[in-house]
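A.B. asks: If you scroll down you'll find the structure; I have some questions about it.
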Amino acid sequence: MKKRSLHPFIKWVGGKSGLIKDIDSKLPIEFKSGNIKKYIEPFVGGGAMLFHVLENYDIKSIYIHDTNKELINTYEVVKNNVNELIKKLNIFQEEYMLTDMEDRVNYFYNKRKEYNKGIENGYEERKVEQASLFIFLNKTCFNGLYRVNSKGLFNVPTGKYKNPNICDRENLLNVSEALQKVIIEHSDYKECAKNVTNNSFVYFDPPYRPISKTSAFVSYSKDDFNDEHQKELASFYNSLDMKGAYLMLSNSNPKVINKEDIFFEEIYEGYNLNEVYAKRFINSDATKRGAISELLITNYEGEESYAKIRVV
Ligand SMILES: C[S@@+](CC[C@H](N)C(=O)[O-])C[C@H]1O[C@@H](n2cnc3c(N)ncnc32)[C@H](O)[C@@H]1O
């Protein structure tokens, strides 16, 4: 049977598309050989790794979590109501393309208002509409960012795209089919513990620890993820290690700007800290969109032997 290609249906800060090869090369041998039966992603975001797994591995049970309610609603709608969603996105696509550049600004802000109304008033009966607005805003806002104000309302300004792909029908249909076996949960990452067994592989991609004051973009939702949260996450990682699960965690590498910074060596003592190079596309400063060193922290030795973290 021909494999269907799958990719994230939204852009997301920290998206892992550029790192998939490195992540794949460091998956446990047991995962590649099909002996691991469960895949769990507690901070799913745009799901680049989830879709890579769905496309390339035959895993029986898959669980994803995220605290961003709108994002999880969109995953659920893509899974359960994809045809209705495509109809709505097609309308947005047509209307947007028929509108001249100046009027697109008004079009965008009207849709943003409608979306925020959904957040304020609830959208139990309008889940598909809310998901279609979420995708529309993601495809047309500035750099595909997701940022909210203190009230939880989306406040990213409009972008300037000539020809945005608002309705990628084929990918949405493929993703929807692939998601049929995925359990989707709107929850804190800690909730995933109930499903973790010694036969599980857990890939953590939490909000990154900022490596400098100017790169402090960790506001995916209104709750910030500070160093105390990173430490709490490390003890959670420890608790899953005790269960015998296979674990991999991505984070920024503080040594990029301060080689004395041993924050991650301390909180992940005894684990493998590997350095990989990520291409970063979501950065408002185009000169900073290059390859940057990141960490992949595993509790197992990989297929290849790779060096422990290098001091740069
Ligand atoms: C770095 S992004 C994930 C990137 C993603 N893996 C990708 O490829 O696009 C981090 C995600 O964690 C979510 N998040 C933040 N705090 C969380 C928490 N306490 N529990 C679960 N998810 C959380 C954010 O909403 C965001 O989607």
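In the structure tokens, chains take the letters A, B, ... in the order shown, each chain's residues start at 1, and ligands count up from 1 in the order shown.
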May I have the residues within 10 Å of Glu30 of chain A as a PyMOL selection string, using only C-alpha atoms and disregarding those fewer than 4 positions away in the same chain?

C.D. replies: chain A and resi 34-37+199+201+246+303

A.B. asks: For Val53 of chain A, find every residue with an atom within 10 Å (counting only C-alpha atoms), except residues of its own chain fewer than 5 positions away, and show them as an mmCIF file with N, CA and C atoms, in the first residue's frame.

C.D. replies:
data_model
loop_
_atom_site.group_PDB
_atom_site.id
_atom_site.type_symbol
_atom_site.label_atom_id
_atom_site.label_comp_id
_atom_site.auth_asym_id
_atom_site.auth_seq_id
_atom_site.Cartn_x
_atom_site.Cartn_y
_atom_site.Cartn_z
ATOM 1 N N LEU A 6 2.334 12.857 5.421
ATOM 2 C CA LEU A 6 1.637 13.613 6.465
ATOM 3 C C LEU A 6 2.537 14.731 6.944
ATOM 4 N N ILE A 20 13.694 16.490 12.404
ATOM 5 C CA ILE A 20 13.140 15.133 12.421
ATOM 6 C C ILE A 20 14.198 14.058 12.157
ATOM 7 N N ASP A 24 14.930 11.152 14.683
ATOM 8 C CA ASP A 24 14.716 9.780 14.231
ATOM 9 C C ASP A 24 15.966 8.934 14.457
ATOM 10 N N TYR A 39 3.252 5.212 21.788
ATOM 11 C CA TYR A 39 3.948 6.488 21.582
ATOM 12 C C TYR A 39 3.142 7.567 22.295
ATOM 13 N N GLY A 47 2.951 19.061 16.174
ATOM 14 C CA GLY A 47 2.956 17.616 15.946
ATOM 15 C C GLY A 47 3.868 17.110 14.841
ATOM 16 N N ALA A 48 4.960 17.826 14.547
ATOM 17 C CA ALA A 48 5.858 17.356 13.476
ATOM 18 C C ALA A 48 6.338 15.929 13.746
ATOM 19 N N ASP A 58 4.654 1.627 12.731
ATOM 20 C CA ASP A 58 3.363 1.014 12.998
ATOM 21 C C ASP A 58 3.205 0.849 14.509
ATOM 22 N N ILE A 59 2.699 1.898 15.149
ATOM 23 C CA ILE A 59 2.583 1.892 16.611
ATOM 24 C C ILE A 59 1.111 1.678 16.954
ATOM 25 N N ILE A 62 -1.367 5.504 20.486
ATOM 26 C CA ILE A 62 -0.723 6.824 20.445
ATOM 27 C C ILE A 62 -1.569 7.805 21.260
#

A.B. asks: For a test of reading the model, state the distance in Å between atom CA of Ser61 of chain A and atom CA of Cys192 of chain A, rounded to one decimal.

C.D. replies: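 These two atoms are separated by 12.8 Å.
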
A.B. asks: Assign secondary structure with DSSP using the backbone only, and return the residues of segment 162-212 of chain A in alpha helix (DSSP H) as a list of chain:residue names.

C.D. replies: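 Those residues are A:Arg169, A:Glu170, A:Asn171, A:Leu172, A:Leu173, A:Asn174, A:Val175, A:Ser176, A:Glu177, A:Ala178, A:Leu179.
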
A.B. asks: Taking only C-alpha atoms and all ligand atoms into account, list the residues no farther than 10 Å from ligand 1, as a PyMOL selection string.

C.D. replies: chain A and resi 8+10-20+41-51+64-72+146+185-192+203-208+218-225+229+233+250-251

A.B. asks: Under the rule that only C-alpha atoms are counted, which of A:Asn83, A:Thr158, A:Asn195, A:Asn121 is the nearest residue to Asn138 of chain A?

C.D. replies: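 The closest residue to Asn138 of chain A is A:Thr158.
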
A.B. asks: Could you give me the residues within segment 33-91 of chain A that DSSP places in strand (DSSP E or B), as number ranges by chain?

C.D. replies: A: 38-41, 61-66

A.B. asks: List the neighbours of Glu114 of chain A out to 12 Å using only C-alpha atoms; skip same-chain residues closer than 3 positions along the sequence, and give me the result as a ChimeraX atom specification.

C.D. replies: /A:107-111,117-123,126,129-134,136-137,153-154

A.B. asks: Any chance you can output those residues with C-alpha atoms as a JSON list (two decimals), in the first residue's frame?

C.D. replies:
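Contents of selection-v7.json, freshly written:
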[["chain", "number", "residue", "atom", "x", "y", "z"],
["A", 107, "TYR", "CA", -10.77, 40.58, 6.77],
["A", 108, "PHE", "CA", -8.09, 39.21, 9.11],
["A", 109, "TYR", "CA", -9.09, 41.40, 12.07],
["A", 110, "ASN", "CA", -12.77, 40.52, 11.64],
["A", 111, "LYS", "CA", -11.92, 36.83, 11.75],
["A", 117, "LYS", "CA", -15.61, 35.86, 20.78],
["A", 118, "GLY", "CA", -15.55, 32.06, 20.72],
["A", 119, "ILE", "CA", -12.90, 32.05, 23.44],
["A", 120, "GLU", "CA", -14.86, 34.53, 25.57],
["A", 121, "ASN", "CA", -18.31, 33.02, 25.18],
["A", 122, "GLY", "CA", -17.50, 29.34, 24.68],
["A", 123, "TYR", "CA", -18.03, 27.36, 21.47],
["A", 126, "ARG", "CA", -19.40, 25.79, 17.13],
["A", 129, "GLU", "CA", -16.12, 27.11, 13.15],
["A", 130, "GLN", "CA", -13.61, 27.76, 15.95],
["A", 131, "ALA", "CA", -11.13, 25.26, 14.47],
["A", 132, "SER", "CA", -11.51, 26.77, 10.99],
["A", 133, "LEU", "CA", -10.79, 30.24, 12.42],
["A", 134, "PHE", "CA", -7.79, 28.83, 14.32],
["A", 136, "PHE", "CA", -7.17, 30.57, 9.06],
["A", 137, "LEU", "CA", -5.46, 32.85, 11.63],
["A", 153, "LEU", "CA", -7.36, 36.34, 23.70],
["A", 154, "PHE", "CA", -5.34, 35.87, 20.51]]

A.B. asks: For a test of reading the model, state the distance in Å between atom CA of Asn56 of chain A and atom CA of Lys32 of chain A, rounded to one decimal.

C.D. replies: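 It comes out at 9.6 Å.
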